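Listing of data.pdb; format and content: PDB, C-alpha atoms.
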```pdb
ATOM      1  CA  MET A   1     103.270 101.778 149.938  1.00  0.00           C
ATOM      2  CA  ASP A   2     103.072 101.383 146.174  1.00  0.00           C
ATOM      3  CA  GLU A   3     104.602  98.448 144.313  1.00  0.00           C
ATOM      4  CA  LEU A   4     107.499 100.455 142.846  1.00  0.00           C
ATOM      5  CA  THR A   5     108.502 101.798 146.260  1.00  0.00           C
ATOM      6  CA  HIS A   6     108.327  98.267 147.621  1.00  0.00           C
ATOM      7  CA  ARG A   7     110.594  96.959 144.808  1.00  0.00           C
ATOM      8  CA  THR A   8     113.182  99.744 144.806  1.00  0.00           C
ATOM      9  CA  GLY A   9     113.087 101.031 148.386  1.00  0.00           C
ATOM     10  CA  ILE A  10     112.804 104.576 146.985  1.00  0.00           C
ATOM     11  CA  THR A  11     109.727 106.737 147.439  1.00  0.00           C
ATOM     12  CA  ALA A  12     108.304 108.972 144.718  1.00  0.00           C
ATOM     13  CA  THR A  13     110.105 111.943 146.264  1.00  0.00           C
ATOM     14  CA  GLY A  14     113.478 110.166 146.054  1.00  0.00           C
ATOM     15  CA  ARG A  15     113.822 109.293 149.759  1.00  0.00           C
ATOM     16  CA  LEU A  16     115.253 105.905 150.729  1.00  0.00           C
ATOM     17  CA  ILE A  17     112.839 104.053 153.028  1.00  0.00           C
ATOM     18  CA  GLU A  18     115.511 102.552 155.292  1.00  0.00           C
ATOM     19  CA  SER A  19     117.197 105.944 155.852  1.00  0.00           C
ATOM     20  CA  SER A  20     116.007 108.202 158.681  1.00  0.00           C
ATOM     21  CA  PHE A  21     118.012 111.120 157.259  1.00  0.00           C
ATOM     22  CA  PRO A  22     116.651 113.241 154.435  1.00  0.00           C
ATOM     23  CA  PRO A  23     118.684 112.744 151.236  1.00  0.00           C
ATOM     24  CA  THR A  24     120.797 115.507 149.761  1.00  0.00           C
ATOM     25  CA  GLN A  25     119.676 117.044 146.486  1.00  0.00           C
ATOM     26  CA  PRO A  26     122.158 115.028 144.337  1.00  0.00           C
ATOM     27  CA  GLN A  27     121.195 111.818 146.160  1.00  0.00           C
ATOM     28  CA  ARG A  28     117.471 112.530 145.704  1.00  0.00           C
ATOM     29  CA  HIS A  29     118.130 113.174 141.998  1.00  0.00           C
ATOM     30  CA  ALA A  30     120.035 109.873 141.644  1.00  0.00           C
ATOM     31  CA  ASN A  31     117.347 107.988 143.551  1.00  0.00           C
ATOM     32  CA  ARG A  32     114.626 109.322 141.236  1.00  0.00           C
ATOM     33  CA  HIS A  33     116.624 108.120 138.256  1.00  0.00           C
ATOM     34  CA  LEU A  34     117.004 104.689 139.843  1.00  0.00           C
ATOM     35  CA  ARG A  35     113.270 104.573 140.462  1.00  0.00           C
ATOM     36  CA  ALA A  36     112.556 105.612 136.871  1.00  0.00           C
ATOM     37  CA  CYS A  37     114.949 102.988 135.517  1.00  0.00           C
ATOM     38  CA  ALA A  38     113.092 100.325 137.475  1.00  0.00           C
ATOM     39  CA  THR A  39     110.010 100.999 135.309  1.00  0.00           C
ATOM     40  CA  MET A  40     111.860 100.529 132.025  1.00  0.00           C
ATOM     41  CA  ALA A  41     111.391  97.424 129.925  1.00  0.00           C
ATOM     42  CA  PRO A  42     114.278  94.995 129.656  1.00  0.00           C
ATOM     43  CA  PRO A  43     116.415  95.345 126.528  1.00  0.00           C
ATOM     44  CA  PRO A  44     115.320  93.338 123.510  1.00  0.00           C
ATOM     45  CA  ALA A  45     116.826  89.923 123.033  1.00  0.00           C
ATOM     46  CA  PRO A  46     119.567  89.587 120.429  1.00  0.00           C
ATOM     47  CA  LEU A  47     118.193  89.120 116.932  1.00  0.00           C
ATOM     48  CA  THR A  48     118.682  85.709 115.388  1.00  0.00           C
ATOM     49  CA  VAL A  49     118.068  85.625 111.670  1.00  0.00           C
ATOM     50  CA  GLU A  50     117.116  82.416 109.921  1.00  0.00           C
ATOM     51  CA  GLU A  51     119.196  81.947 106.790  1.00  0.00           C
ATOM     52  CA  LEU A  52     118.384  79.692 103.869  1.00  0.00           C
ATOM     53  CA  VAL A  53     121.418  78.749 101.759  1.00  0.00           C
ATOM     54  CA  THR A  54     120.408  77.849  98.205  1.00  0.00           C
ATOM     55  CA  ALA A  55     122.121  75.427  95.817  1.00  0.00           C
ATOM     56  CA  ASP A  56     123.962  78.243  94.016  1.00  0.00           C
ATOM     57  CA  GLY A  57     125.425  79.485  97.318  1.00  0.00           C
ATOM     58  CA  ARG A  58     123.280  82.576  97.699  1.00  0.00           C
ATOM     59  CA  VAL A  59     121.689  83.189 101.097  1.00  0.00           C
ATOM     60  CA  ALA A  60     118.006  84.061 101.520  1.00  0.00           C
ATOM     61  CA  PHE A  61     116.162  85.447 104.526  1.00  0.00           C
ATOM     62  CA  PRO A  62     112.560  84.288 103.870  1.00  0.00           C
ATOM     63  CA  THR A  63     111.290  85.255 107.335  1.00  0.00           C
ATOM     64  CA  ILE A  64     112.417  88.839 106.722  1.00  0.00           C
ATOM     65  CA  VAL A  65     111.947  89.486 102.995  1.00  0.00           C
ATOM     66  CA  GLN A  66     110.614  87.691  99.938  1.00  0.00           C
ATOM     67  CA  TYR A  67     110.234  88.898  96.379  1.00  0.00           C
ATOM     68  CA  GLN A  68     106.976  89.114  94.387  1.00  0.00           C
ATOM     69  CA  LEU A  69     107.756  88.397  90.733  1.00  0.00           C
ATOM     70  CA  LYS A  70     105.769  90.005  87.926  1.00  0.00           C
ATOM     71  CA  ARG A  71     105.190  88.151  84.652  1.00  0.00           C
ATOM     72  CA  TRP A  72     103.971  89.594  81.364  1.00  0.00           C
ATOM     73  CA  ASP A  73     100.248  89.046  80.777  1.00  0.00           C
ATOM     74  CA  PRO A  74      99.490  89.309  77.036  1.00  0.00           C
ATOM     75  CA  ALA A  75      95.740  89.647  77.623  1.00  0.00           C
ATOM     76  CA  ALA A  76      96.132  92.642  79.940  1.00  0.00           C
ATOM     77  CA  GLN A  77      99.208  93.962  78.104  1.00  0.00           C
ATOM     78  CA  ALA A  78     100.897  94.536  81.464  1.00  0.00           C
ATOM     79  CA  TYR A  79     103.003  92.816  84.065  1.00  0.00           C
ATOM     80  CA  ALA A  80     100.863  90.963  86.611  1.00  0.00           C
ATOM     81  CA  PRO A  81     101.896  89.683  90.059  1.00  0.00           C
ATOM     82  CA  ALA A  82     103.144  86.099  90.013  1.00  0.00           C
ATOM     83  CA  GLU A  83     104.801  83.816  92.583  1.00  0.00           C
ATOM     84  CA  LEU A  84     106.750  84.743  95.712  1.00  0.00           C
ATOM     85  CA  VAL A  85     110.409  83.704  95.733  1.00  0.00           C
ATOM     86  CA  ASP A  86     113.029  83.853  98.468  1.00  0.00           C
ATOM     87  CA  LEU A  87     115.780  85.526  96.394  1.00  0.00           C
ATOM     88  CA  PRO A  88     115.700  88.349  93.865  1.00  0.00           C
ATOM     89  CA  PRO A  89     115.551  86.955  90.334  1.00  0.00           C
ATOM     90  CA  THR A  90     118.594  86.704  88.102  1.00  0.00           C
ATOM     91  CA  PHE A  91     118.515  86.463  84.328  1.00  0.00           C
ATOM     92  CA  GLU A  92     119.673  82.844  84.641  1.00  0.00           C
ATOM     93  CA  THR A  93     116.868  81.822  86.988  1.00  0.00           C
ATOM     94  CA  HIS A  94     114.032  84.119  85.847  1.00  0.00           C
ATOM     95  CA  PRO A  95     114.654  85.536  82.361  1.00  0.00           C
ATOM     96  CA  ASP A  96     112.150  88.069  81.017  1.00  0.00           C
ATOM     97  CA  GLU A  97     111.049  86.695  77.648  1.00  0.00           C
ATOM     98  CA  HIS A  98     108.841  89.715  76.998  1.00  0.00           C
ATOM     99  CA  ALA A  99     111.873  92.040  77.193  1.00  0.00           C
ATOM    100  CA  HIS A 100     113.713  89.704  74.793  1.00  0.00           C
ATOM    101  CA  ASP A 101     110.776  89.807  72.353  1.00  0.00           C
ATOM    102  CA  LEU A 102     110.649  93.613  72.488  1.00  0.00           C
ATOM    103  CA  ALA A 103     114.376  93.795  71.736  1.00  0.00           C
ATOM    104  CA  ARG A 104     114.028  91.389  68.802  1.00  0.00           C
ATOM    105  CA  LYS A 105     111.089  93.380  67.391  1.00  0.00           C
ATOM    106  CA  ALA A 106     113.139  96.577  67.689  1.00  0.00           C
ATOM    107  CA  GLY A 107     115.980  94.913  65.760  1.00  0.00           C
ATOM    108  CA  GLN A 108     118.305  94.929  68.744  1.00  0.00           C
ATOM    109  CA  GLN A 109     120.341  92.188  70.304  1.00  0.00           C
ATOM    110  CA  PRO A 110     118.458  90.874  73.379  1.00  0.00           C
ATOM    111  CA  ARG A 111     120.203  91.809  76.603  1.00  0.00           C
ATOM    112  CA  PRO A 112     120.056  89.745  79.780  1.00  0.00           C
ATOM    113  CA  ALA A 113     116.954  90.873  81.638  1.00  0.00           C
ATOM    114  CA  THR A 114     115.206  89.620  84.735  1.00  0.00           C
ATOM    115  CA  LEU A 115     111.548  89.616  85.532  1.00  0.00           C
ATOM    116  CA  PRO A 116     110.466  92.760  87.371  1.00  0.00           C
ATOM    117  CA  TYR A 117     109.840  92.194  91.067  1.00  0.00           C
ATOM    118  CA  VAL A 118     108.855  93.913  94.297  1.00  0.00           C
ATOM    119  CA  ALA A 119     110.273  93.193  97.755  1.00  0.00           C
ATOM    120  CA  VAL A 120     107.681  91.949 100.245  1.00  0.00           C
ATOM    121  CA  VAL A 121     109.084  92.801 103.662  1.00  0.00           C
ATOM    122  CA  HIS A 122     107.864  90.779 106.653  1.00  0.00           C
ATOM    123  CA  ASP A 123     110.088  92.353 109.353  1.00  0.00           C
ATOM    124  CA  LEU A 124     110.903  95.983 108.555  1.00  0.00           C
ATOM    125  CA  ASP A 125     113.361  96.538 111.428  1.00  0.00           C
ATOM    126  CA  ALA A 126     115.441  93.481 110.543  1.00  0.00           C
ATOM    127  CA  TYR A 127     115.240  94.345 106.822  1.00  0.00           C
ATOM    128  CA  ASP A 128     116.511  97.888 107.477  1.00  0.00           C
ATOM    129  CA  ARG A 129     119.333  96.519 109.614  1.00  0.00           C
ATOM    130  CA  LEU A 130     120.390  94.002 106.958  1.00  0.00           C
ATOM    131  CA  LYS A 131     120.176  96.639 104.208  1.00  0.00           C
ATOM    132  CA  ALA A 132     122.125  99.255 106.179  1.00  0.00           C
ATOM    133  CA  THR A 133     125.005  96.896 106.896  1.00  0.00           C
ATOM    134  CA  GLY A 134     125.137  95.535 103.329  1.00  0.00           C
ATOM    135  CA  VAL A 135     124.507  91.980 104.495  1.00  0.00           C
ATOM    136  CA  LEU A 136     121.344  91.610 102.428  1.00  0.00           C
ATOM    137  CA  HIS A 137     123.026  92.616  99.167  1.00  0.00           C
ATOM    138  CA  ALA A 138     126.146  90.543  99.779  1.00  0.00           C
ATOM    139  CA  ALA A 139     124.189  87.444 100.825  1.00  0.00           C
ATOM    140  CA  HIS A 140     121.822  87.633  97.850  1.00  0.00           C
ATOM    141  CA  MET A 141     124.569  88.132  95.305  1.00  0.00           C
ATOM    142  CA  THR A 142     127.471  85.923  96.351  1.00  0.00           C
ATOM    143  CA  ALA A 143     128.144  82.754  98.213  1.00  0.00           C
ATOM    144  CA  PRO A 144     129.466  83.331 101.753  1.00  0.00           C
ATOM    145  CA  GLU A 145     132.468  81.054 101.055  1.00  0.00           C
ATOM    146  CA  ASP A 146     133.659  83.191  98.113  1.00  0.00           C
ATOM    147  CA  GLU A 147     136.885  84.936  98.930  1.00  0.00           C
ATOM    148  CA  ARG A 148     137.131  88.026  96.789  1.00  0.00           C
ATOM    149  CA  THR A 149     139.658  90.764  97.043  1.00  0.00           C
ATOM    150  CA  ALA A 150     138.273  94.256  97.346  1.00  0.00           C
ATOM    151  CA  VAL A 151     139.249  96.628  94.556  1.00  0.00           C
ATOM    152  CA  ASP A 152     139.453 100.342  95.341  1.00  0.00           C
ATOM    153  CA  ASN A 153     138.057 102.059  92.228  1.00  0.00           C
ATOM    154  CA  ARG A 154     138.191 105.604  93.553  1.00  0.00           C
ATOM    155  CA  ALA A 155     140.218 108.257  91.698  1.00  0.00           C
ATOM    156  CA  ALA A 156     142.614 108.510  94.646  1.00  0.00           C
ATOM    157  CA  PRO A 157     142.689 105.050  96.282  1.00  0.00           C
ATOM    158  CA  GLY A 158     142.840 105.160 100.047  1.00  0.00           C
ATOM    159  CA  ALA A 159     141.552 108.738 100.184  1.00  0.00           C
TER     160      ALA A 159
END
```

Output the structure of this file as structure tokens.
Amino acid sequence: MDELTHRTGITATGRLIESSFPPTQPQRHANRHLRACATMAPPPAPLTVEELVTADGRVAFPTIVQYQLKRWDPAAQAYAPAELVDLPPTFETHPDEHAHDLARKAGQQPRPATLPYVAVVHDLDAYDRLKATGVLHAAHMTAPEDERTAVDNRAAPGA
């Protein structure tokens, strides 16, 4: 007797061991499904995400995603990888002085610009889940305590 038959009481042909009567076709079919289900892995545990609340109220998920900043390198005349940060840069926290200099040289008023960056994803499944539900964007941009009213900007609101 194999281990699966011992655990489930169902043979590979779908017969119950303790029954002396042959099973009907629907019962044999159900028994094979029960036997197959016994080989399945248990469902994954619920995902717990570690959050890091910053001083400005934004929420970071450093175990899931971090952001590789790029700073202007005058010697190479290109942006080079710099430090890893937990939140995407804002023009208040990480202004791009090179973009400001280019605007001044072009005779334009400098606009707020952030350093370019690339997301470094540590857990792709969790990152996709957070992105798909909008949690990642909302947490990075606003404080969770902010109560804002939603504004429907569509041409026909409620449609």

May I ask which of the residues A:Thr63, A:Gln25, A:Thr48, A:Thr8 is the closest one to A:Leu124, counting all atoms listed in the file?
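Of the candidates, the smallest distance to A:Leu124 is held by A:Thr63.
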
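The spacing separating atom CA of A:Thr114 from atom CA of A:His140 amounts to 14.8 Å.
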
Result set, the PyMOL selection byres ((chain A and resi 33) around 12) on current file, as a ChimeraX atom specification:
/A:8,10-15,26-32,34-40

Please measure the separation of atom CA of A:Ala41 and atom CA of A:Leu4, giving the value in Å to one decimal.
13.8 Å

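This file, filtered with the PyMOL selection byres ((chain A and resi 97-111) around 12), gives the residues Lys70, Arg71, Trp72, Asp73, Pro74, Gln77, Ala78, Tyr79, Phe91, Glu92, His94, Pro95, Asp96, Pro112, Ala113, Thr114, Leu115 and Pro116 of chain A.
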
Please report the interatomic distance between atom CA of A:Arg129 and atom CA of A:Ala82 in Å with one decimal.
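We find that atom CA of A:Arg129 and atom CA of A:Ala82 lie 27.5 Å from each other.
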
I need the residue nearest A:Val120 from this list: A:Tyr67, A:Arg7, A:Asp56, A:Val135. Use only C-alpha atoms for the distance.
A:Tyr67

For the structure provided, state which residues fall under the PyMOL selection byres ((chain A and resi 50) around 9), and present them as a PyMOL selection string.
chain A and resi 48-49+51-52+60-64

Proximity to A:Pro88 - best of A:Ala45, A:Ala156, A:Gln68, A:Asp2, all atoms listed in the file
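Once distances to A:Pro88 are computed over all atoms listed in the file, the minimum belongs to A:Gln68.
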
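Ranking A:Gly9, A:Pro42, A:Gly57, A:Pro81 by their shortest atom-to-atom distance to A:Tyr117, with only C-alpha atoms included, puts A:Pro81 first.
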
N, CA and C atoms are what I want for stretch 67-85 of chain A; can you complete it accordingly and write them as a PDB file, keeping the file's coordinate frame?
```
ATOM      1  N   TYR A  67     110.335  88.072  97.569  1.00  0.00           N
ATOM      2  CA  TYR A  67     110.234  88.898  96.379  1.00  0.00           C
ATOM      3  C   TYR A  67     109.060  88.439  95.523  1.00  0.00           C
ATOM      4  N   GLN A  68     108.154  89.373  95.216  1.00  0.00           N
ATOM      5  CA  GLN A  68     106.976  89.114  94.387  1.00  0.00           C
ATOM      6  C   GLN A  68     107.368  89.353  92.931  1.00  0.00           C
ATOM      7  N   LEU A  69     107.425  88.275  92.146  1.00  0.00           N
ATOM      8  CA  LEU A  69     107.756  88.397  90.733  1.00  0.00           C
ATOM      9  C   LEU A  69     106.560  88.924  89.962  1.00  0.00           C
ATOM     10  N   LYS A  70     106.831  89.545  88.822  1.00  0.00           N
ATOM     11  CA  LYS A  70     105.769  90.005  87.926  1.00  0.00           C
ATOM     12  C   LYS A  70     106.053  89.425  86.549  1.00  0.00           C
ATOM     13  N   ARG A  71     105.053  88.756  85.982  1.00  0.00           N
ATOM     14  CA  ARG A  71     105.190  88.151  84.652  1.00  0.00           C
ATOM     15  C   ARG A  71     104.284  88.894  83.665  1.00  0.00           C
ATOM     16  N   TRP A  72     104.729  88.907  82.412  1.00  0.00           N
ATOM     17  CA  TRP A  72     103.971  89.594  81.364  1.00  0.00           C
ATOM     18  C   TRP A  72     102.671  88.859  81.082  1.00  0.00           C
ATOM     19  N   ASP A  73     101.563  89.597  81.084  1.00  0.00           N
ATOM     20  CA  ASP A  73     100.248  89.046  80.777  1.00  0.00           C
ATOM     21  C   ASP A  73      99.826  89.605  79.423  1.00  0.00           C
ATOM     22  N   PRO A  74      99.831  88.781  78.365  1.00  0.00           N
ATOM     23  CA  PRO A  74      99.490  89.309  77.036  1.00  0.00           C
ATOM     24  C   PRO A  74      98.054  89.820  76.943  1.00  0.00           C
ATOM     25  N   ALA A  75      97.132  89.210  77.686  1.00  0.00           N
ATOM     26  CA  ALA A  75      95.740  89.647  77.623  1.00  0.00           C
ATOM     27  C   ALA A  75      95.583  91.052  78.197  1.00  0.00           C
ATOM     28  N   ALA A  76      96.246  91.328  79.301  1.00  0.00           N
ATOM     29  CA  ALA A  76      96.132  92.642  79.940  1.00  0.00           C
ATOM     30  C   ALA A  76      97.158  93.630  79.404  1.00  0.00           C
ATOM     31  N   GLN A  77      98.124  93.139  78.630  1.00  0.00           N
ATOM     32  CA  GLN A  77      99.208  93.962  78.104  1.00  0.00           C
ATOM     33  C   GLN A  77      99.944  94.699  79.223  1.00  0.00           C
ATOM     34  N   ALA A  78     100.192  93.965  80.309  1.00  0.00           N
ATOM     35  CA  ALA A  78     100.897  94.536  81.464  1.00  0.00           C
ATOM     36  C   ALA A  78     101.515  93.398  82.269  1.00  0.00           C
ATOM     37  N   TYR A  79     102.418  93.789  83.149  1.00  0.00           N
ATOM     38  CA  TYR A  79     103.003  92.816  84.065  1.00  0.00           C
ATOM     39  C   TYR A  79     102.026  92.586  85.212  1.00  0.00           C
ATOM     40  N   ALA A  80     101.785  91.324  85.529  1.00  0.00           N
ATOM     41  CA  ALA A  80     100.863  90.963  86.611  1.00  0.00           C
ATOM     42  C   ALA A  80     101.637  90.239  87.698  1.00  0.00           C
ATOM     43  N   PRO A  81     101.205  90.380  88.964  1.00  0.00           N
ATOM     44  CA  PRO A  81     101.896  89.683  90.059  1.00  0.00           C
ATOM     45  C   PRO A  81     101.882  88.171  89.840  1.00  0.00           C
ATOM     46  N   ALA A  82     103.011  87.556  90.147  1.00  0.00           N
ATOM     47  CA  ALA A  82     103.144  86.099  90.013  1.00  0.00           C
ATOM     48  C   ALA A  82     103.553  85.525  91.364  1.00  0.00           C
ATOM     49  N   GLU A  83     104.453  84.531  91.354  1.00  0.00           N
ATOM     50  CA  GLU A  83     104.801  83.816  92.583  1.00  0.00           C
ATOM     51  C   GLU A  83     105.767  84.606  93.469  1.00  0.00           C
ATOM     52  N   LEU A  84     105.786  84.212  94.747  1.00  0.00           N
ATOM     53  CA  LEU A  84     106.750  84.743  95.712  1.00  0.00           C
ATOM     54  C   LEU A  84     107.978  83.840  95.708  1.00  0.00           C
ATOM     55  N   VAL A  85     109.162  84.466  95.667  1.00  0.00           N
ATOM     56  CA  VAL A  85     110.409  83.704  95.733  1.00  0.00           C
ATOM     57  C   VAL A  85     111.259  84.262  96.865  1.00  0.00           C
TER      58      VAL A  85
END
```
